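First the structure, in the form of structure tokens, and then the observations on it.
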Amino acid sequence: MLYLLLSDLHANLEAFEAVVRDAEARYPHLDAAACLGDVVGYGADPEAVVGRIQEIAQTVIRGNHDKAVALGENLEWFNSAARDATYWTLNQLSPTSVDYLRELPRGPRMLNGFQICHGSPLDEDEYLITPGDVEILAGRLDSGVIFFGHTHVQGGFRMLRGVVSVLPRPDESDSETVEVEEQAYYILNPGSVGQPRDQDPRAAYAVYDSANRLFHMHRVAYEVEVTQRKILDAGLPERLAFRLAHGR
Ligand code: ZN
């Protein structure tokens, strides 16, 4: 089975559409799509992106921004730009879309031999940034293959007998593939569709080929200027527009 993996869309419609076009061109026979959370927050098209994710993904779990918008939770952890964007987003959404976000399940969820979560499999709000963050998961994982988001950094980690290594991600090229060996744990991040923070402004996504145990990461250029203009015109914090050009 070929799974399209999307995370951290953050209401960026241009990035989302570019990713869908790229994925459908590369993989005409995708079987299913899963979203690892943060459908909204920061970007200027929350209503359109909430509508579109329901057409594209069969499985969607909630992210901290979805929770903040729909449930008013975790706002105390947000900086002022994120908090302003949360209130702005809530005002843009139809009641149906707010209900949809409110009812999104919490991760982790088990799919076909792999798990998806937003932050960490143990805590949806935790960030897995360094090998040390992953080492403390040793002996506490329910699956050998775990997909996560939240950090907006594509790539991830391989853990064998408690030793964690950082996996490569696409650099100059637009693709990178990781072979998922059976004897190790793989904690993998498809990257952020709508607000990358790994110094690469291109939209990120991944496809997991479960039969061949291959994790394919991809980057796609999109019309960043269009997205930035919408954010500025909406009166959202300027920083949310500028950071998109730098991928941080
Ligand atoms: Zn996010």
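Residue numbers start at 1 in each chain; chains themselves are named A, B, ... in the order of the structure tokens; ligands are numbered from 1 in the order shown.
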
At a cut-off of 6 Å, can you tabulate as CSV every residue of chain A near ligand 1 together with its closest atom pair and the distance in Å to one decimal, using only C-alpha atoms and all ligand atoms and ordering rows by chain then number?
```
residue,atom,partner,partner_atom_place_in_ligand_line,distance
A:Asp8,CA,ligand 1,1 (Zn),4.5
A:Asp38,CA,ligand 1,1 (Zn),5.0
A:His150,CA,ligand 1,1 (Zn),4.6
```

Saved selection, atoms kept: C-alpha atoms, as a short mmCIF file (atom, residue, chain, number, x, y, z; two decimals), in the first residue's frame:
```cif
data_model
loop_
_atom_site.label_atom_id
_atom_site.label_comp_id
_atom_site.auth_asym_id
_atom_site.auth_seq_id
_atom_site.Cartn_x
_atom_site.Cartn_y
_atom_site.Cartn_z
CA ASP A 8 1.44 20.68 9.63
CA ASP A 38 -2.09 21.05 12.53
CA HIS A 150 4.98 19.05 15.07
#
```

**Request:** Name the residues in contact with Leu36 of chain A at a cut-off of 8 Å, using only C-alpha atoms, excluding same-chain residues fewer than 6 positions from it; report them as a PyMOL selection string.
**Result:** chain A and resi 5-8+60-63+116-118+147-149

Give me a file of those residues, with N, CA, C and O atoms, as a PDB file, in the first residue's frame.
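part_12.pdb was written with the following content:
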```pdb
ATOM      1  N   LEU A   5       1.579  10.873   3.268  1.00  0.00           N
ATOM      2  CA  LEU A   5       1.673  11.371   4.643  1.00  0.00           C
ATOM      3  C   LEU A   5       1.833  12.880   4.618  1.00  0.00           C
ATOM      4  O   LEU A   5       2.789  13.411   4.028  1.00  0.00           O
ATOM      5  N   LEU A   6       0.890  13.565   5.278  1.00  0.00           N
ATOM      6  CA  LEU A   6       0.879  15.029   5.308  1.00  0.00           C
ATOM      7  C   LEU A   6       0.879  15.481   6.754  1.00  0.00           C
ATOM      8  O   LEU A   6       0.223  14.874   7.599  1.00  0.00           O
ATOM      9  N   SER A   7       1.607  16.556   7.049  1.00  0.00           N
ATOM     10  CA  SER A   7       1.574  17.087   8.404  1.00  0.00           C
ATOM     11  C   SER A   7       1.721  18.606   8.385  1.00  0.00           C
ATOM     12  O   SER A   7       2.276  19.179   7.444  1.00  0.00           O
ATOM     13  N   ASP A   8       1.214  19.246   9.417  1.00  0.00           N
ATOM     14  CA  ASP A   8       1.436  20.684   9.628  1.00  0.00           C
ATOM     15  C   ASP A   8       1.149  21.510   8.368  1.00  0.00           C
ATOM     16  O   ASP A   8       2.022  22.206   7.857  1.00  0.00           O
ATOM     17  N   VAL A  60      -7.155  11.512   9.911  1.00  0.00           N
ATOM     18  CA  VAL A  60      -6.580  12.787  10.358  1.00  0.00           C
ATOM     19  C   VAL A  60      -6.576  12.776  11.880  1.00  0.00           C
ATOM     20  O   VAL A  60      -7.600  12.461  12.496  1.00  0.00           O
ATOM     21  N   ILE A  61      -5.426  13.068  12.486  1.00  0.00           N
ATOM     22  CA  ILE A  61      -5.397  13.238  13.940  1.00  0.00           C
ATOM     23  C   ILE A  61      -5.175  14.722  14.239  1.00  0.00           C
ATOM     24  O   ILE A  61      -4.741  15.481  13.377  1.00  0.00           O
ATOM     25  N   ARG A  62      -5.450  15.130  15.469  1.00  0.00           N
ATOM     26  CA  ARG A  62      -5.370  16.550  15.788  1.00  0.00           C
ATOM     27  C   ARG A  62      -3.948  16.972  16.128  1.00  0.00           C
ATOM     28  O   ARG A  62      -3.142  16.188  16.644  1.00  0.00           O
ATOM     29  N   GLY A  63      -3.653  18.239  15.847  1.00  0.00           N
ATOM     30  CA  GLY A  63      -2.406  18.840  16.289  1.00  0.00           C
ATOM     31  C   GLY A  63      -2.697  19.878  17.355  1.00  0.00           C
ATOM     32  O   GLY A  63      -3.869  20.178  17.643  1.00  0.00           O
ATOM     33  N   ILE A 116       0.771   6.661  13.703  1.00  0.00           N
ATOM     34  CA  ILE A 116       0.909   8.097  13.432  1.00  0.00           C
ATOM     35  C   ILE A 116       0.628   8.866  14.718  1.00  0.00           C
ATOM     36  O   ILE A 116      -0.197   8.467  15.540  1.00  0.00           O
ATOM     37  N   CYS A 117       1.360   9.966  14.901  1.00  0.00           N
ATOM     38  CA  CYS A 117       1.133  10.828  16.060  1.00  0.00           C
ATOM     39  C   CYS A 117       1.471  12.261  15.653  1.00  0.00           C
ATOM     40  O   CYS A 117       2.079  12.473  14.603  1.00  0.00           O
ATOM     41  N   HIS A 118       1.085  13.236  16.467  1.00  0.00           N
ATOM     42  CA  HIS A 118       1.440  14.617  16.120  1.00  0.00           C
ATOM     43  C   HIS A 118       2.839  14.949  16.653  1.00  0.00           C
ATOM     44  O   HIS A 118       3.747  15.225  15.894  1.00  0.00           O
ATOM     45  N   PHE A 147       5.225   7.613  12.443  1.00  0.00           N
ATOM     46  CA  PHE A 147       5.302   8.888  11.729  1.00  0.00           C
ATOM     47  C   PHE A 147       4.821  10.002  12.647  1.00  0.00           C
ATOM     48  O   PHE A 147       3.785   9.857  13.299  1.00  0.00           O
ATOM     49  N   PHE A 148       5.597  11.077  12.689  1.00  0.00           N
ATOM     50  CA  PHE A 148       5.245  12.203  13.561  1.00  0.00           C
ATOM     51  C   PHE A 148       5.417  13.520  12.818  1.00  0.00           C
ATOM     52  O   PHE A 148       6.031  13.583  11.748  1.00  0.00           O
ATOM     53  N   GLY A 149       4.901  14.602  13.425  1.00  0.00           N
ATOM     54  CA  GLY A 149       5.044  15.937  12.858  1.00  0.00           C
ATOM     55  C   GLY A 149       5.473  16.913  13.932  1.00  0.00           C
ATOM     56  O   GLY A 149       6.374  16.608  14.721  1.00  0.00           O
TER      57      GLY A 149
END
```

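Excluding Glu238 of chain A itself and same-chain residues fewer than 2 positions from it, the residues having an atom within 12 Å of it are A:Tyr42, A:Gly43, A:Ala44, A:Ser80, A:Ala81, A:Ala82, A:Asp84, A:Ala85, A:Thr227, A:Gln228, A:Arg229, A:Lys230, A:Ile231, A:Leu232, A:Asp233, A:Ala234, A:Gly235, A:Leu236, A:Leu240, A:Ala241, A:Phe242, A:Arg243, A:Leu244, counting only C-alpha atoms.
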
**Asked** Which residues in segment 1-139 of chain A does DSSP call helix (DSSP H, G or I)? List them as a PyMOL selection string.
**Response** chain A and resi 13-26+46-56+64-71+75-77+80-92+95-102+131-135

**Request:** Find, counting only C-alpha atoms, the residue in A:Ala206, A:Val180, A:Ala70, A:Val224 that gets nearest to Asn91 of chain A.
**Result:**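 Distance minimum relative to Asn91 of chain A lands on A:Ala70.
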
**Item:** Shell around Gln195 of chain A at 10 Å using only C-alpha atoms, local window under 3 positions removed, as number ranges by chain
**Value:** A: 7-12, 15, 42-43, 152-153, 191-192, 198, 200-204, 240-241, 243-248

**Message:** DSSP on the backbone: which residues in segment 132-212 of chain A end up as strand (DSSP E)? Give the answer as JSON, numbers by chain.
**Reply:** {"A": [145, 146, 147, 155, 156, 157, 158, 159, 160, 163, 164, 165, 166, 175, 176, 177, 178, 179, 185, 186, 187, 188, 189, 203, 204, 205, 206, 207, 208, 209]}

**Message:** Using only C-alpha atoms for the distances, tell me which of A:Arg169, A:Lys67, A:His29, A:Arg161 is nearest to Asn189 of chain A.
**Reply:** A:Arg169

**Request:** Quick one: everything within 12 Å of Asn112 of chain A, counting only C-alpha atoms, minus sequence neighbours fewer than 6 positions away in the same chain. Send it as a list in words.
**Result:**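 Answer for this query is Met1, Leu2, Tyr3, Asp31, Ala32, Ala33, Ala34, Thr59, Ser143, Gly144, Val145, Ile146, Tyr208, Asp209, Ser210, Ala211 and Arg213 of chain A.
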
**Nearest to Arg197 of chain A, chosen from A:Thr130, A:Thr151, A:Gln115, A:Asn79, with only C-alpha atoms counted in the distances** = A:Thr151

Which residues come within 7 Å of Thr86 of chain A, counting only C-alpha atoms, excluding same-chain residues fewer than 5 positions away, as a PDB file with C-alpha atoms, in the first residue's frame?
```
ATOM      1  CA  GLY A  41      -3.076  27.930  12.530  1.00  0.00           C
ATOM      2  CA  ALA A  68      -6.135  25.502  20.358  1.00  0.00           C
ATOM      3  CA  VAL A  69      -8.558  26.768  17.708  1.00  0.00           C
TER       4      VAL A  69
END
```

**Residue among A:Glu17, A:Glu181, A:Asp133, A:Asp22 lying closest to Ile53 of chain A, counting only C-alpha atoms** =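 Comparing A:Glu17, A:Glu181, A:Asp133, A:Asp22 against Ile53 of chain A, the winner is A:Glu17.
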
**Request:** Would you work out the distance separating atom CA of Tyr127 of chain A from atom CA of Gln199 of chain A, expressed in Å to one decimal?
**Result:** 17.7 Å

**Counting only C-alpha atoms, the option among A:Leu75, A:Leu141, A:Val50, A:Met110 closest to Ser94 of chain A** =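 For Ser94 of chain A, the nearest of the given residues is A:Val50.
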
**Request:** For Phe157 of chain A, list every protein, DNA or RNA residue within 10 Å, evaluated using only C-alpha atoms, and leave out those in the same chain fewer than 6 positions away; present the list as a list of chain:residue names.
**Result:** A:Leu128, A:Ile129, A:Thr130, A:Pro131, A:Val134, A:Glu135, A:Ile146, A:Val163, A:Val164, A:Ser165, A:Val166, A:Leu167, A:Pro168, A:Tyr185, A:Tyr186, A:Ile187, A:Leu188, A:Asn189

Residue subset to file, keeping C-alpha atoms, as a PDB file, in the first residue's frame:
```pdb
ATOM      1  CA  LEU A 128      11.104  15.166  18.957  1.00  0.00           C
ATOM      2  CA  ILE A 129      14.020  17.348  17.847  1.00  0.00           C
ATOM      3  CA  THR A 130      17.266  15.696  18.953  1.00  0.00           C
ATOM      4  CA  PRO A 131      18.461  12.068  19.149  1.00  0.00           C
ATOM      5  CA  VAL A 134      14.124   9.839  20.845  1.00  0.00           C
ATOM      6  CA  GLU A 135      16.486   7.818  23.113  1.00  0.00           C
ATOM      7  CA  ILE A 146       6.134   5.737  13.672  1.00  0.00           C
ATOM      8  CA  VAL A 163      21.347   4.017  19.715  1.00  0.00           C
ATOM      9  CA  VAL A 164      19.716   6.800  17.695  1.00  0.00           C
ATOM     10  CA  SER A 165      20.935   8.159  14.363  1.00  0.00           C
ATOM     11  CA  VAL A 166      19.561  11.095  12.388  1.00  0.00           C
ATOM     12  CA  LEU A 167      18.305  10.241   8.901  1.00  0.00           C
ATOM     13  CA  PRO A 168      19.103  12.272   5.771  1.00  0.00           C
ATOM     14  CA  TYR A 185      12.793   1.452  15.077  1.00  0.00           C
ATOM     15  CA  TYR A 186      12.044   4.275  12.676  1.00  0.00           C
ATOM     16  CA  ILE A 187      10.570   7.541  13.896  1.00  0.00           C
ATOM     17  CA  LEU A 188       9.904   9.503  10.710  1.00  0.00           C
ATOM     18  CA  ASN A 189       8.672  13.000   9.906  1.00  0.00           C
TER      19      ASN A 189
END
```
